[in-house]
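> Hey, dropping upload_12.cif in here, mmCIF, C-alpha atoms:
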data_my_file
loop_
_atom_site.group_PDB
_atom_site.id
_atom_site.type_symbol
_atom_site.label_atom_id
_atom_site.label_comp_id
_atom_site.auth_asym_id
_atom_site.auth_seq_id
_atom_site.Cartn_x
_atom_site.Cartn_y
_atom_site.Cartn_z
ATOM 1 C CA MET S 1 42.786 114.306 -133.321
ATOM 2 C CA ALA S 2 42.439 110.531 -133.469
ATOM 3 C CA PRO S 3 41.344 109.029 -136.788
ATOM 4 C CA GLU S 4 37.662 108.179 -137.024
ATOM 5 C CA SER S 5 37.074 104.632 -138.243
ATOM 6 C CA ARG S 6 35.982 101.169 -137.266
ATOM 7 C CA GLY S 7 37.464 99.378 -134.309
ATOM 8 C CA PRO S 8 39.933 96.495 -134.703
ATOM 9 C CA GLY S 9 37.911 93.887 -132.772
ATOM 10 C CA PRO S 10 38.589 92.768 -129.188
ATOM 11 C CA VAL S 11 42.013 93.766 -127.855
ATOM 12 C CA LEU S 12 44.015 91.893 -125.207
ATOM 13 C CA VAL S 13 46.589 93.943 -123.265
ATOM 14 C CA TYR S 14 49.468 92.077 -121.617
ATOM 15 C CA SER S 15 51.788 93.972 -119.260
ATOM 16 C CA ARG S 16 53.629 91.382 -117.175
ATOM 17 C CA THR S 17 57.198 92.334 -116.201
ATOM 18 C CA ALA S 18 60.082 90.154 -115.028
ATOM 19 C CA ASP S 19 62.703 92.905 -115.276
ATOM 20 C CA TYR S 20 62.337 96.703 -115.169
ATOM 21 C CA ARG S 21 58.759 97.808 -114.526
ATOM 22 C CA HIS S 22 57.560 101.087 -116.002
ATOM 23 C CA GLU S 23 55.553 103.442 -113.824
ATOM 24 C CA SER S 24 53.478 104.282 -116.891
ATOM 25 C CA ILE S 25 51.961 100.781 -117.265
ATOM 26 C CA PRO S 26 48.717 101.390 -115.313
ATOM 27 C CA HIS S 27 48.260 104.705 -117.116
ATOM 28 C CA GLY S 28 48.708 102.919 -120.432
ATOM 29 C CA VAL S 29 46.144 100.270 -119.511
ATOM 30 C CA ALA S 30 43.662 102.976 -118.499
ATOM 31 C CA ALA S 31 44.271 104.912 -121.725
ATOM 32 C CA LEU S 32 43.806 101.785 -123.843
ATOM 33 C CA ARG S 33 40.514 101.068 -122.081
ATOM 34 C CA GLU S 34 39.397 104.625 -122.809
ATOM 35 C CA LEU S 35 40.398 104.287 -126.462
ATOM 36 C CA GLY S 36 38.434 101.057 -126.681
ATOM 37 C CA ALA S 37 35.363 102.628 -125.118
ATOM 38 C CA GLY S 38 35.581 105.605 -127.456
ATOM 39 C CA HIS S 39 36.251 103.642 -130.643
ATOM 40 C CA GLY S 40 34.043 100.608 -130.293
ATOM 41 C CA PHE S 41 36.336 97.783 -129.227
ATOM 42 C CA ARG S 42 36.551 95.746 -126.036
ATOM 43 C CA VAL S 43 39.807 95.783 -124.046
ATOM 44 C CA THR S 44 40.845 93.007 -121.661
ATOM 45 C CA ALA S 45 44.007 93.508 -119.585
ATOM 46 C CA THR S 46 46.028 90.830 -117.815
ATOM 47 C CA GLU S 47 49.465 90.031 -116.404
ATOM 48 C CA ASP S 48 48.734 86.311 -116.048
ATOM 49 C CA PRO S 49 50.358 84.164 -118.782
ATOM 50 C CA ASP S 50 47.726 81.466 -118.291
ATOM 51 C CA GLU S 51 44.951 83.995 -118.918
ATOM 52 C CA LEU S 52 46.878 85.288 -121.935
ATOM 53 C CA THR S 53 47.032 81.746 -123.290
ATOM 54 C CA ALA S 54 43.322 81.182 -122.805
ATOM 55 C CA GLU S 55 42.181 84.563 -124.113
ATOM 56 C CA LEU S 56 44.367 84.984 -127.200
ATOM 57 C CA PRO S 57 42.081 82.990 -129.534
ATOM 58 C CA HIS S 58 39.182 85.303 -128.609
ATOM 59 C CA HIS S 59 40.973 88.581 -129.387
ATOM 60 C CA ALA S 60 41.825 90.163 -132.718
ATOM 61 C CA VAL S 61 44.885 92.026 -131.402
ATOM 62 C CA VAL S 62 47.261 91.494 -128.491
ATOM 63 C CA VAL S 63 49.191 94.476 -127.105
ATOM 64 C CA PHE S 64 52.428 93.892 -125.194
ATOM 65 C CA LEU S 65 52.564 97.034 -123.052
ATOM 66 C CA SER S 66 56.100 97.613 -121.717
ATOM 67 C CA THR S 67 56.594 93.967 -120.880
ATOM 68 C CA SER S 68 60.140 93.069 -119.811
ATOM 69 C CA GLY S 69 62.192 89.936 -119.354
ATOM 70 C CA ASP S 70 60.829 86.415 -119.705
ATOM 71 C CA VAL S 71 57.084 86.827 -119.280
ATOM 72 C CA LEU S 72 55.681 83.844 -121.190
ATOM 73 C CA THR S 73 55.191 80.192 -120.344
ATOM 74 C CA ASP S 74 55.733 77.536 -122.991
ATOM 75 C CA ALA S 75 51.961 77.383 -123.470
ATOM 76 C CA ALA S 76 51.756 81.166 -123.877
ATOM 77 C CA ARG S 77 54.533 81.085 -126.481
ATOM 78 C CA THR S 78 52.640 78.431 -128.420
ATOM 79 C CA ALA S 79 49.426 80.456 -128.180
ATOM 80 C CA LEU S 80 51.132 83.643 -129.393
ATOM 81 C CA ARG S 81 52.596 81.865 -132.420
ATOM 82 C CA ALA S 82 49.220 80.308 -133.184
ATOM 83 C CA HIS S 83 47.529 83.715 -132.873
ATOM 84 C CA GLN S 84 49.923 85.195 -135.436
ATOM 85 C CA GLY S 85 49.606 82.130 -137.631
ATOM 86 C CA ALA S 86 45.847 82.564 -137.679
ATOM 87 C CA GLY S 87 46.204 86.195 -138.805
ATOM 88 C CA GLY S 88 45.972 87.840 -135.386
ATOM 89 C CA GLY S 89 47.522 91.233 -134.752
ATOM 90 C CA PHE S 90 50.403 92.119 -132.421
ATOM 91 C CA VAL S 91 51.291 95.561 -131.044
ATOM 92 C CA GLY S 92 54.511 96.110 -129.089
ATOM 93 C CA ILE S 93 54.756 99.309 -127.059
ATOM 94 C CA HIS S 94 58.030 100.666 -125.657
ATOM 95 C CA ALA S 95 59.684 97.929 -123.531
ATOM 96 C CA ALA S 96 57.980 95.142 -125.482
ATOM 97 C CA SER S 97 61.349 95.049 -127.273
ATOM 98 C CA CYS S 98 63.003 94.233 -123.885
ATOM 99 C CA THR S 99 61.107 90.941 -123.700
ATOM 100 C CA GLU S 100 61.861 87.240 -124.279
ATOM 101 C CA TYR S 101 65.482 87.748 -125.343
ATOM 102 C CA GLY S 102 66.034 83.998 -125.429
ATOM 103 C CA TRP S 103 63.214 83.252 -127.875
ATOM 104 C CA PRO S 104 64.299 83.818 -131.494
ATOM 105 C CA TRP S 105 60.740 83.791 -132.878
ATOM 106 C CA TYR S 106 59.780 86.710 -130.632
ATOM 107 C CA GLY S 107 62.766 88.580 -132.049
ATOM 108 C CA ARG S 108 61.273 88.106 -135.525
ATOM 109 C CA LEU S 109 57.870 89.216 -134.268
ATOM 110 C CA ILE S 110 59.104 92.415 -132.622
ATOM 111 C CA GLY S 111 61.607 93.198 -135.410
ATOM 112 C CA ALA S 112 64.583 94.260 -133.258
ATOM 113 C CA ARG S 113 65.565 94.032 -129.598
ATOM 114 C CA PHE S 114 66.336 96.912 -127.248
ATOM 115 C CA THR S 115 69.993 97.398 -126.275
ATOM 116 C CA GLU S 116 70.326 100.813 -124.581
ATOM 117 C CA HIS S 117 68.979 104.346 -124.313
ATOM 118 C CA PRO S 118 70.242 107.785 -123.290
ATOM 119 C CA ASP S 119 68.672 109.733 -120.444
ATOM 120 C CA LEU S 120 65.002 110.607 -120.723
ATOM 121 C CA GLN S 121 64.838 113.906 -122.633
ATOM 122 C CA PRO S 122 63.009 115.822 -125.377
ATOM 123 C CA GLY S 123 63.805 115.066 -128.987
ATOM 124 C CA VAL S 124 62.212 114.897 -132.426
ATOM 125 C CA VAL S 125 60.463 111.994 -134.124
ATOM 126 C CA VAL S 126 60.827 112.090 -137.922
ATOM 127 C CA VAL S 127 57.708 110.685 -139.577
ATOM 128 C CA GLU S 128 58.715 108.726 -142.695
ATOM 129 C CA ASP S 129 55.387 107.198 -143.747
ATOM 130 C CA ARG S 130 52.285 109.390 -143.802
ATOM 131 C CA GLU S 131 50.024 106.644 -145.218
ATOM 132 C CA HIS S 132 49.857 104.472 -142.106
ATOM 133 C CA PRO S 133 47.055 104.853 -139.515
ATOM 134 C CA ALA S 134 49.641 105.246 -136.725
ATOM 135 C CA THR S 135 51.454 108.170 -138.319
ATOM 136 C CA ALA S 136 49.082 109.856 -140.772
ATOM 137 C CA HIS S 137 47.914 112.368 -138.144
ATOM 138 C CA LEU S 138 51.410 113.325 -136.971
ATOM 139 C CA PRO S 139 53.443 116.364 -138.076
ATOM 140 C CA PRO S 140 56.519 115.581 -140.211
ATOM 141 C CA ARG S 141 58.709 116.420 -137.194
ATOM 142 C CA TRP S 142 57.057 115.539 -133.899
ATOM 143 C CA GLU S 143 58.555 116.927 -130.702
ATOM 144 C CA PHE S 144 58.353 114.286 -127.982
ATOM 145 C CA THR S 145 59.992 113.263 -124.703
ATOM 146 C CA ASP S 146 61.200 109.687 -124.382
ATOM 147 C CA GLU S 147 64.247 107.455 -123.855
ATOM 148 C CA TRP S 148 65.148 107.154 -127.570
ATOM 149 C CA TYR S 149 65.790 103.427 -127.701
ATOM 150 C CA ALA S 150 68.606 101.836 -129.667
ATOM 151 C CA PHE S 151 68.365 98.253 -130.958
ATOM 152 C CA ASP S 152 70.571 95.255 -131.642
ATOM 153 C CA ARG S 153 70.012 95.549 -135.372
ATOM 154 C CA ASN S 154 68.501 97.983 -137.819
ATOM 155 C CA PRO S 155 65.250 96.484 -139.148
ATOM 156 C CA ARG S 156 65.115 98.897 -142.081
ATOM 157 C CA GLY S 157 64.769 96.969 -145.324
ATOM 158 C CA ARG S 158 62.951 94.075 -143.649
ATOM 159 C CA VAL S 159 60.006 96.074 -142.302
ATOM 160 C CA ARG S 160 57.820 99.005 -143.287
ATOM 161 C CA MET S 161 59.570 101.890 -141.525
ATOM 162 C CA LEU S 162 57.153 104.486 -140.180
ATOM 163 C CA ALA S 163 59.239 106.832 -138.040
ATOM 164 C CA SER S 164 62.755 107.353 -136.715
ATOM 165 C CA ALA S 165 64.489 109.615 -134.231
ATOM 166 C CA ASP S 166 66.518 112.667 -135.200
ATOM 167 C CA GLY S 167 69.639 111.880 -133.179
ATOM 168 C CA ASN S 168 70.827 115.474 -133.480
ATOM 169 C CA THR S 169 67.949 116.653 -131.277
ATOM 170 C CA PHE S 170 68.961 114.869 -128.062
ATOM 171 C CA ARG S 171 72.129 113.917 -126.159
ATOM 172 C CA GLY S 172 73.417 110.349 -126.325
ATOM 173 C CA GLY S 173 73.924 107.769 -129.018
ATOM 174 C CA THR S 174 75.827 108.304 -132.249
ATOM 175 C CA PRO S 175 75.081 111.652 -133.946
ATOM 176 C CA GLY S 176 73.801 111.133 -137.456
ATOM 177 C CA ALA S 177 73.148 107.419 -136.965
ATOM 178 C CA ASP S 178 69.923 105.936 -138.314
ATOM 179 C CA ARG S 179 67.657 105.437 -135.284
ATOM 180 C CA PRO S 180 64.434 103.576 -136.203
ATOM 181 C CA LEU S 181 61.587 103.975 -133.715
ATOM 182 C CA VAL S 182 58.333 102.793 -135.270
ATOM 183 C CA TRP S 183 57.753 100.064 -137.839
ATOM 184 C CA CYS S 184 55.442 97.251 -138.877
ATOM 185 C CA HIS S 185 55.569 94.013 -140.853
ATOM 186 C CA GLU S 186 53.604 90.895 -141.771
ATOM 187 C CA ASP S 187 56.430 88.358 -141.711
ATOM 188 C CA THR S 188 55.190 86.130 -138.873
ATOM 189 C CA GLY S 189 51.726 85.339 -140.188
ATOM 190 C CA GLY S 190 49.643 88.210 -138.870
ATOM 191 C CA ARG S 191 50.359 91.914 -138.586
ATOM 192 C CA SER S 192 52.996 93.177 -136.152
ATOM 193 C CA PHE S 193 53.356 96.856 -135.159
ATOM 194 C CA GLN S 194 56.135 98.165 -132.915
ATOM 195 C CA THR S 195 56.629 101.608 -131.375
ATOM 196 C CA ALA S 196 59.592 102.367 -129.138
ATOM 197 C CA LEU S 197 57.739 105.356 -127.676
ATOM 198 C CA GLY S 198 55.688 105.268 -124.482
ATOM 199 C CA HIS S 199 58.030 105.557 -121.479
ATOM 200 C CA THR S 200 56.403 108.367 -119.546
ATOM 201 C CA VAL S 201 53.157 108.634 -117.599
ATOM 202 C CA GLU S 202 52.488 111.953 -119.336
ATOM 203 C CA CYS S 203 52.584 110.560 -122.877
ATOM 204 C CA TRP S 204 49.391 108.596 -122.204
ATOM 205 C CA ASP S 205 47.533 111.908 -121.808
ATOM 206 C CA ASP S 206 48.915 113.222 -125.119
ATOM 207 C CA PRO S 207 46.215 113.081 -127.852
ATOM 208 C CA LEU S 208 48.843 112.657 -130.588
ATOM 209 C CA PHE S 209 50.439 109.708 -128.823
ATOM 210 C CA ARG S 210 47.078 108.114 -128.074
ATOM 211 C CA ALA S 211 46.130 108.420 -131.741
ATOM 212 C CA HIS S 212 49.518 106.945 -132.661
ATOM 213 C CA VAL S 213 48.849 103.857 -130.538
ATOM 214 C CA LEU S 214 45.241 103.632 -131.723
ATOM 215 C CA GLY S 215 46.413 103.696 -135.332
ATOM 216 C CA GLY S 216 48.863 100.879 -134.628
ATOM 217 C CA ILE S 217 46.137 98.785 -133.021
ATOM 218 C CA ARG S 218 43.737 99.451 -135.864
ATOM 219 C CA TRP S 219 46.345 98.472 -138.450
ATOM 220 C CA ALA S 220 47.226 95.297 -136.561
ATOM 221 C CA GLY S 221 43.514 94.518 -136.501
ATOM 222 C CA GLY S 222 43.184 94.815 -140.280
ATOM 223 C CA ALA S 223 42.649 98.507 -141.084
ATOM 224 C CA ASP S 224 44.817 100.053 -143.815
ATOM 225 C CA ALA S 225 43.417 103.556 -144.277
ATOM 226 C CA PRO S 226 44.304 106.372 -141.837
#
For this file, produce the structure as structure tokens.

Amino acid sequence: MAPESRGPGPVLVYSRTADYRHESIPHGVAALRELGAGHGFRVTATEDPDELTAELPHHAVVVFLSTSGDVLTDAARTALRAHQGAGGGFVGIHAASCTEYGWPWYGRLIGARFTEHPDLQPGVVVVEDREHPATAHLPPRWEFTDEWYAFDRNPRGRVRMLASADGNTFRGGTPGADRPLVWCHEDTGGRSFQTALGHTVECWDDPLFRAHVLGGIRWAGGADAP
């Protein structure tokens, strides 16, 4: 069940792709609109970088929903940095870590960049932090189906680690290796939350996953309690 609490303020969802495009994007946009309607916050969705630039100052949180490749203009980059600098919230979902590889500041914002994944398959998410709104509702070991992303660096120690993958529960990758999945930080001015989960269409109908994303949005918007 999703946590009951105040909304984060207006939320801007950005889902432009210049590389791989996930089939789940429209389902994610629809689910985020439903979460907004049910929890008292307005959701605006766009794939236009000019609209993103214009709308960022009017939104408490921006969600990059499985963006990929170079999806920002110079003006949009400036607006995103200003939004964080003013204390705005950022939420990266799934392929948000496959975005703007040539922009070092975005690498700081997202925390780590995607490098590869094994085949889509079931596995287990290990919840490490039960005090965060994005993970407080989850079981200690959460069975889930996803691509189990790997990253160019391990952000552990620089971020607040919320959940990782149990690499012994799926095929691919290095058995026993530390595989961070979900984390957050406040190192770029505002709050930044990142979840590597969210590949499938089906996950957007999963109440636990929806509550996971809602908790991340709420935290990015200023909420601390589950």
> Taking (68.8, 97.6, -132.4) in the file's own coordinates, collect the residues within 6 Å, counting all atoms listed in the file, and hand them back as a VMD selection string.
chain S and resid 112 to 114 150 to 154
> Any chance you could tabulate, as CSV, the residues of stretch 41-124 of chain S at most 8 Å from stretch 216-220 of chain S with each one's nearest atom pair and distance in Å to one decimal, using all atoms listed in the file, in chain and rising number order?

residue,atom,partner,partner_atom,distance
S:Val61,CA,S:Ala220,CA,6.5
S:Val63,CA,S:Ile217,CA,7.9
S:Gly88,CA,S:Ala220,CA,7.7
S:Gly89,CA,S:Ala220,CA,4.5
S:Phe90,CA,S:Ala220,CA,6.1
S:Val91,CA,S:Ile217,CA,6.4
> Taking all atoms listed in the file into account, name the residue in S:His83, S:Val125, S:Gly69, S:Ala225 that is nearest to S:Gly102.
S:Gly69
> Could you give me, as a ChimeraX atom specification, the residues within 9 Å of stretch 9-23 of chain S, counting all atoms listed in the file and dropping anything in the same chain fewer than 2 positions from it?
/S:6-7,25-27,29,32,36,40-49,52,55-56,58-72,95-96,98-99,199-201,217-218,221
> Save out the residues we just selected, C-alpha atoms, as a short mmCIF file (atom, residue, chain, number, x, y, z; two decimals), keeping the file's coordinate frame.

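Once written, part13.cif looks like this:
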data_model
loop_
_atom_site.label_atom_id
_atom_site.label_comp_id
_atom_site.auth_asym_id
_atom_site.auth_seq_id
_atom_site.Cartn_x
_atom_site.Cartn_y
_atom_site.Cartn_z
CA ARG S 6 35.98 101.17 -137.27
CA GLY S 7 37.46 99.38 -134.31
CA ILE S 25 51.96 100.78 -117.26
CA PRO S 26 48.72 101.39 -115.31
CA HIS S 27 48.26 104.70 -117.12
CA VAL S 29 46.14 100.27 -119.51
CA LEU S 32 43.81 101.78 -123.84
CA GLY S 36 38.43 101.06 -126.68
CA GLY S 40 34.04 100.61 -130.29
CA PHE S 41 36.34 97.78 -129.23
CA ARG S 42 36.55 95.75 -126.04
CA VAL S 43 39.81 95.78 -124.05
CA THR S 44 40.84 93.01 -121.66
CA ALA S 45 44.01 93.51 -119.58
CA THR S 46 46.03 90.83 -117.82
CA GLU S 47 49.46 90.03 -116.40
CA ASP S 48 48.73 86.31 -116.05
CA PRO S 49 50.36 84.16 -118.78
CA LEU S 52 46.88 85.29 -121.94
CA GLU S 55 42.18 84.56 -124.11
CA LEU S 56 44.37 84.98 -127.20
CA HIS S 58 39.18 85.30 -128.61
CA HIS S 59 40.97 88.58 -129.39
CA ALA S 60 41.82 90.16 -132.72
CA VAL S 61 44.88 92.03 -131.40
CA VAL S 62 47.26 91.49 -128.49
CA VAL S 63 49.19 94.48 -127.10
CA PHE S 64 52.43 93.89 -125.19
CA LEU S 65 52.56 97.03 -123.05
CA SER S 66 56.10 97.61 -121.72
CA THR S 67 56.59 93.97 -120.88
CA SER S 68 60.14 93.07 -119.81
CA GLY S 69 62.19 89.94 -119.35
CA ASP S 70 60.83 86.42 -119.70
CA VAL S 71 57.08 86.83 -119.28
CA LEU S 72 55.68 83.84 -121.19
CA ALA S 95 59.68 97.93 -123.53
CA ALA S 96 57.98 95.14 -125.48
CA CYS S 98 63.00 94.23 -123.88
CA THR S 99 61.11 90.94 -123.70
CA HIS S 199 58.03 105.56 -121.48
CA THR S 200 56.40 108.37 -119.55
CA VAL S 201 53.16 108.63 -117.60
CA ILE S 217 46.14 98.78 -133.02
CA ARG S 218 43.74 99.45 -135.86
CA GLY S 221 43.51 94.52 -136.50
#
> Contacts of S:Thr169 at 8 Å or less, counting only C-alpha atoms, minus same-chain residues fewer than 2 places along, as an NGL selection string?
:S and (122-124 or 166-167 or 171)
> Would you put the residues from that selection into a file with C-alpha atoms, as a tab-separated table (two decimals), keeping the file's coordinate frame?

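New file again04.tsv:
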chain	number	residue	atom	x	y	z
S	122	PRO	CA	63.01	115.82	-125.38
S	123	GLY	CA	63.80	115.07	-128.99
S	124	VAL	CA	62.21	114.90	-132.43
S	166	ASP	CA	66.52	112.67	-135.20
S	167	GLY	CA	69.64	111.88	-133.18
S	171	ARG	CA	72.13	113.92	-126.16
> Any chance you could resolve the PyMOL selection byres ((chain S and resi 211) around 9) against this file and give the residues as a ChimeraX atom specification?
/S:1-3,35,133-135,137-138,206-210,212-216
> Of the candidates S:Cys203, S:Ala223, S:Leu120, S:Leu197, which one gets nearest to S:Gly92 if we count all atoms listed in the file?
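The answer is S:Leu197, which sits nearest to S:Gly92.
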> Between S:Glu143, S:Val126, S:Ser164, S:Leu109, which is the closest to S:Phe193 once you count all atoms listed in the file?
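Of S:Glu143, S:Val126, S:Ser164, S:Leu109, the one nearest S:Phe193, counting all atoms listed in the file, is S:Leu109.
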